[in-house]
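Q: File name coords11.pdb; file contents PDB, C-alpha atoms; full text below.
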MODEL        1
ATOM      1  CA  MET A 215     -60.107  22.815  33.875
ATOM      2  CA  THR A 216     -63.181  20.637  34.376
ATOM      3  CA  HIS A 217     -63.100  16.876  34.776
ATOM      4  CA  ASN A 218     -66.038  14.523  34.951
ATOM      5  CA  THR A 219     -64.283  12.155  37.347
ATOM      6  CA  VAL A 220     -60.996  12.088  39.176
ATOM      7  CA  ASP A 221     -58.781   9.008  39.050
ATOM      8  CA  PRO A 222     -55.532   8.943  41.063
ATOM      9  CA  ALA A 223     -53.777   7.368  38.071
ATOM     10  CA  THR A 224     -54.614  10.281  35.789
ATOM     11  CA  ILE A 225     -54.258  13.405  37.906
ATOM     12  CA  THR A 226     -52.641  16.407  36.280
ATOM     13  CA  PRO A 227     -49.892  18.569  37.780
ATOM     14  CA  GLU A 228     -52.510  21.247  38.510
ATOM     15  CA  MET A 229     -54.647  18.705  40.363
ATOM     16  CA  ALA A 230     -51.594  17.492  42.298
ATOM     17  CA  ILE A 231     -50.845  21.041  43.410
ATOM     18  CA  GLN A 232     -54.430  21.468  44.634
ATOM     19  CA  ILE A 233     -54.330  18.125  46.488
ATOM     20  CA  ARG A 234     -51.025  19.144  48.103
ATOM     21  CA  ARG A 235     -52.559  22.455  49.174
ATOM     22  CA  TRP A 236     -55.478  20.674  50.844
ATOM     23  CA  ARG A 237     -53.342  18.066  52.594
ATOM     24  CA  CYS A 238     -50.151  19.958  53.440
ATOM     25  CA  GLU A 239     -51.174  23.586  53.794
ATOM     26  CA  GLU A 240     -54.782  23.328  54.947
ATOM     27  CA  ASP A 241     -54.343  20.129  57.039
ATOM     28  CA  TYR A 242     -57.150  18.181  55.371
ATOM     29  CA  SER A 243     -57.543  14.560  56.461
ATOM     30  CA  TRP A 244     -57.564  11.891  53.753
ATOM     31  CA  ARG A 245     -61.372  11.872  54.010
ATOM     32  CA  ALA A 246     -61.514  15.648  53.589
ATOM     33  CA  VAL A 247     -59.170  15.481  50.569
ATOM     34  CA  ALA A 248     -61.399  12.817  49.011
ATOM     35  CA  GLN A 249     -64.538  14.868  49.636
ATOM     36  CA  ALA A 250     -63.012  18.088  48.263
ATOM     37  CA  ALA A 251     -61.716  16.289  45.160
ATOM     38  CA  SER A 252     -65.068  14.570  44.620
ATOM     39  CA  GLU A 253     -66.879  17.891  44.843
ATOM     40  CA  LEU A 254     -64.434  19.729  42.569
ATOM     41  CA  TRP A 255     -63.720  17.054  39.950
ATOM     42  CA  GLY A 256     -66.512  14.510  40.458
ATOM     43  CA  SER A 257     -66.190  11.018  41.893
ATOM     44  CA  GLU A 258     -68.473   8.297  43.155
ATOM     45  CA  TRP A 259     -66.007   7.730  46.020
ATOM     46  CA  GLY A 260     -67.095  10.835  47.935
ATOM     47  CA  SER A 261     -65.229  11.078  51.239
ATOM     48  CA  HIS A 262     -63.816   7.535  51.232
ATOM     49  CA  GLN A 263     -60.583   7.579  53.250
ATOM     50  CA  PHE A 264     -58.647   5.213  50.968
ATOM     51  CA  PHE A 265     -59.564   7.310  47.918
ATOM     52  CA  GLY A 266     -58.126  10.374  49.673
ATOM     53  CA  GLU A 267     -54.964   8.479  50.573
ATOM     54  CA  ASP A 268     -54.566   7.292  46.972
ATOM     55  CA  LEU A 269     -54.976  10.853  45.708
ATOM     56  CA  CYS A 270     -52.342  12.119  48.142
ATOM     57  CA  VAL A 271     -49.868   9.384  47.211
ATOM     58  CA  ALA A 272     -50.381  10.026  43.497
ATOM     59  CA  ALA A 273     -50.055  13.794  43.947
ATOM     60  CA  ALA A 274     -46.890  13.507  46.047
ATOM     61  CA  ARG A 275     -45.247  11.190  43.543
ATOM     62  CA  LEU A 276     -46.218  13.412  40.609
ATOM     63  CA  LEU A 277     -44.641  16.346  42.431
ATOM     64  CA  GLY A 278     -41.482  14.343  43.185
ATOM     65  CA  GLU A 279     -42.157  14.121  46.925
ATOM     66  CA  ASN A 280     -42.301  11.195  49.331
ATOM     67  CA  PRO A 281     -45.930  10.617  50.398
ATOM     68  CA  GLY A 282     -44.793   8.976  53.633
ATOM     69  CA  ARG A 283     -42.805  11.966  54.850
ATOM     70  CA  GLU A 284     -43.451  15.555  55.812
ATOM     71  CA  PRO A 285     -45.293  17.546  54.723
ATOM     72  CA  TRP A 286     -47.606  14.789  53.497
ATOM     73  CA  ASN A 287     -47.798  12.623  56.580
TER      74      ASN A 287
ENDMDL
END
Translate the structure of the given file into structure tokens.
A:
Amino acid sequence: MTHNTVDPATITPEMAIQIRRWRCEEDYSWRAVAQAASELWGSEWGSHQFFGEDLCVAAARLLGENPGREPWN
């Protein structure tokens, strides 16, 4: 699946699973999540920390998890 840009409001379940993998399994910081997502799906936000946090919150919620609890935070 190829996307021109990633928007936290429109992530797919597949994207959420990838974001969870980066954050929860590979211990990426919010900046690292943002950078990886920008490289994979395209975004002008690059490694912006708040973009990474927004992606993680959106992914956790889409997956039915609490973004403020383990394993997310």
Q: I need the output of the PyMOL selection byres ((chain A and resi 233) around 10) for this file as JSON, numbers by chain; which residues are they?
A: {"A": [225, 227, 228, 229, 230, 231, 232, 234, 235, 236, 237, 238, 239, 240, 242, 247, 248, 250, 251, 266, 269, 270, 271, 272, 273, 274]}
Q: Counting only C-alpha atoms, what is within 10 Å of Ser252 of chain A, bar same-chain residues fewer than 2 positions away, as a CSV table (one decimal) with C-alpha atoms, keeping the file's coordinate frame?
A:
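Resulting contents of around-v2.csv:
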chain,number,residue,atom,x,y,z
A,218,ASN,CA,-66.0,14.5,35.0
A,219,THR,CA,-64.3,12.2,37.3
A,220,VAL,CA,-61.0,12.1,39.2
A,246,ALA,CA,-61.5,15.6,53.6
A,247,VAL,CA,-59.2,15.5,50.6
A,248,ALA,CA,-61.4,12.8,49.0
A,249,GLN,CA,-64.5,14.9,49.6
A,250,ALA,CA,-63.0,18.1,48.3
A,254,LEU,CA,-64.4,19.7,42.6
A,255,TRP,CA,-63.7,17.1,40.0
A,256,GLY,CA,-66.5,14.5,40.5
A,257,SER,CA,-66.2,11.0,41.9
A,258,GLU,CA,-68.5,8.3,43.2
A,259,TRP,CA,-66.0,7.7,46.0
A,260,GLY,CA,-67.1,10.8,47.9
A,261,SER,CA,-65.2,11.1,51.2
A,262,HIS,CA,-63.8,7.5,51.2
A,265,PHE,CA,-59.6,7.3,47.9
A,266,GLY,CA,-58.1,10.4,49.7
Q: Could you please determine the separation between atom CA of Arg283 of chain A and atom CA of Glu267 of chain A in Å, to one decimal place?
A: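 Atom CA of Glu267 of chain A lies 13.4 Å from atom CA of Arg283 of chain A.
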Q: Atom CA of Asp241 of chain A and atom CA of Trp286 of chain A, how far apart in Å?
A: 9.3 Å
Q: Grab the atom CA of Gln263 of chain A to atom CA of Leu276 of chain A distance for me, in Å with one decimal place.
A: 20.0 Å
Q: Measuring atom to atom with only C-alpha atoms, identify which of A:Glu284, A:Asp268, A:Glu279, A:Glu253 is nearest to Ala223 of chain A.
A: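 Of A:Glu284, A:Asp268, A:Glu279, A:Glu253, the one nearest Ala223 of chain A is A:Asp268, counting only C-alpha atoms.
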Q: Please define a box with edges along x, y and z of the file around all atoms of segment 251-269 of chain A given in the file, extend it by 5 Å on each side, and return its centre and edge lengths in Å to one decimal, as JSON.
A:
{"center_x": -61.5, "center_y": 12.5, "center_z": 46.6, "size_x": 23.9, "size_y": 24.5, "size_z": 23.3}
Q: N, CA, C and O atoms are what I want for segment 219-230 of chain A; can you complete it accordingly and write them as a PDB file, in the frame of the given file?
A:
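Writing the result to out27.pdb gives the following:
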ATOM      1  N   THR A 219     -64.645  12.984  36.195  1.00  0.00           N
ATOM      2  CA  THR A 219     -64.283  12.155  37.347  1.00  0.00           C
ATOM      3  C   THR A 219     -62.792  12.260  37.588  1.00  0.00           C
ATOM      4  O   THR A 219     -62.012  12.499  36.678  1.00  0.00           O
ATOM      5  N   VAL A 220     -62.408  12.061  38.820  1.00  0.00           N
ATOM      6  CA  VAL A 220     -60.996  12.088  39.176  1.00  0.00           C
ATOM      7  C   VAL A 220     -60.535  10.660  39.441  1.00  0.00           C
ATOM      8  O   VAL A 220     -61.207   9.889  40.099  1.00  0.00           O
ATOM      9  N   ASP A 221     -59.392  10.324  38.889  1.00  0.00           N
ATOM     10  CA  ASP A 221     -58.781   9.008  39.050  1.00  0.00           C
ATOM     11  C   ASP A 221     -57.339   9.259  39.473  1.00  0.00           C
ATOM     12  O   ASP A 221     -56.613   9.970  38.778  1.00  0.00           O
ATOM     13  N   PRO A 222     -56.903   8.697  40.612  1.00  0.00           N
ATOM     14  CA  PRO A 222     -55.532   8.943  41.063  1.00  0.00           C
ATOM     15  C   PRO A 222     -54.480   8.652  39.993  1.00  0.00           C
ATOM     16  O   PRO A 222     -53.429   9.291  39.973  1.00  0.00           O
ATOM     17  N   ALA A 223     -54.762   7.729  39.095  1.00  0.00           N
ATOM     18  CA  ALA A 223     -53.777   7.368  38.071  1.00  0.00           C
ATOM     19  C   ALA A 223     -53.659   8.413  36.973  1.00  0.00           C
ATOM     20  O   ALA A 223     -52.703   8.388  36.206  1.00  0.00           O
ATOM     21  N   THR A 224     -54.614   9.321  36.900  1.00  0.00           N
ATOM     22  CA  THR A 224     -54.614  10.281  35.789  1.00  0.00           C
ATOM     23  C   THR A 224     -54.657  11.731  36.253  1.00  0.00           C
ATOM     24  O   THR A 224     -55.061  12.604  35.486  1.00  0.00           O
ATOM     25  N   ILE A 225     -54.228  12.012  37.467  1.00  0.00           N
ATOM     26  CA  ILE A 225     -54.258  13.405  37.906  1.00  0.00           C
ATOM     27  C   ILE A 225     -53.214  14.224  37.159  1.00  0.00           C
ATOM     28  O   ILE A 225     -52.173  13.722  36.766  1.00  0.00           O
ATOM     29  N   THR A 226     -53.530  15.476  36.972  1.00  0.00           N
ATOM     30  CA  THR A 226     -52.641  16.407  36.280  1.00  0.00           C
ATOM     31  C   THR A 226     -51.759  17.122  37.301  1.00  0.00           C
ATOM     32  O   THR A 226     -52.050  17.096  38.509  1.00  0.00           O
ATOM     33  N   PRO A 227     -50.705  17.789  36.842  1.00  0.00           N
ATOM     34  CA  PRO A 227     -49.892  18.569  37.780  1.00  0.00           C
ATOM     35  C   PRO A 227     -50.712  19.629  38.526  1.00  0.00           C
ATOM     36  O   PRO A 227     -50.490  19.847  39.719  1.00  0.00           O
ATOM     37  N   GLU A 228     -51.660  20.252  37.857  1.00  0.00           N
ATOM     38  CA  GLU A 228     -52.510  21.247  38.510  1.00  0.00           C
ATOM     39  C   GLU A 228     -53.347  20.609  39.618  1.00  0.00           C
ATOM     40  O   GLU A 228     -53.529  21.195  40.692  1.00  0.00           O
ATOM     41  N   MET A 229     -53.873  19.420  39.347  1.00  0.00           N
ATOM     42  CA  MET A 229     -54.647  18.705  40.363  1.00  0.00           C
ATOM     43  C   MET A 229     -53.749  18.323  41.535  1.00  0.00           C
ATOM     44  O   MET A 229     -54.150  18.444  42.694  1.00  0.00           O
ATOM     45  N   ALA A 230     -52.535  17.876  41.242  1.00  0.00           N
ATOM     46  CA  ALA A 230     -51.594  17.492  42.298  1.00  0.00           C
ATOM     47  C   ALA A 230     -51.286  18.675  43.206  1.00  0.00           C
ATOM     48  O   ALA A 230     -51.214  18.524  44.432  1.00  0.00           O
TER      49      ALA A 230
END
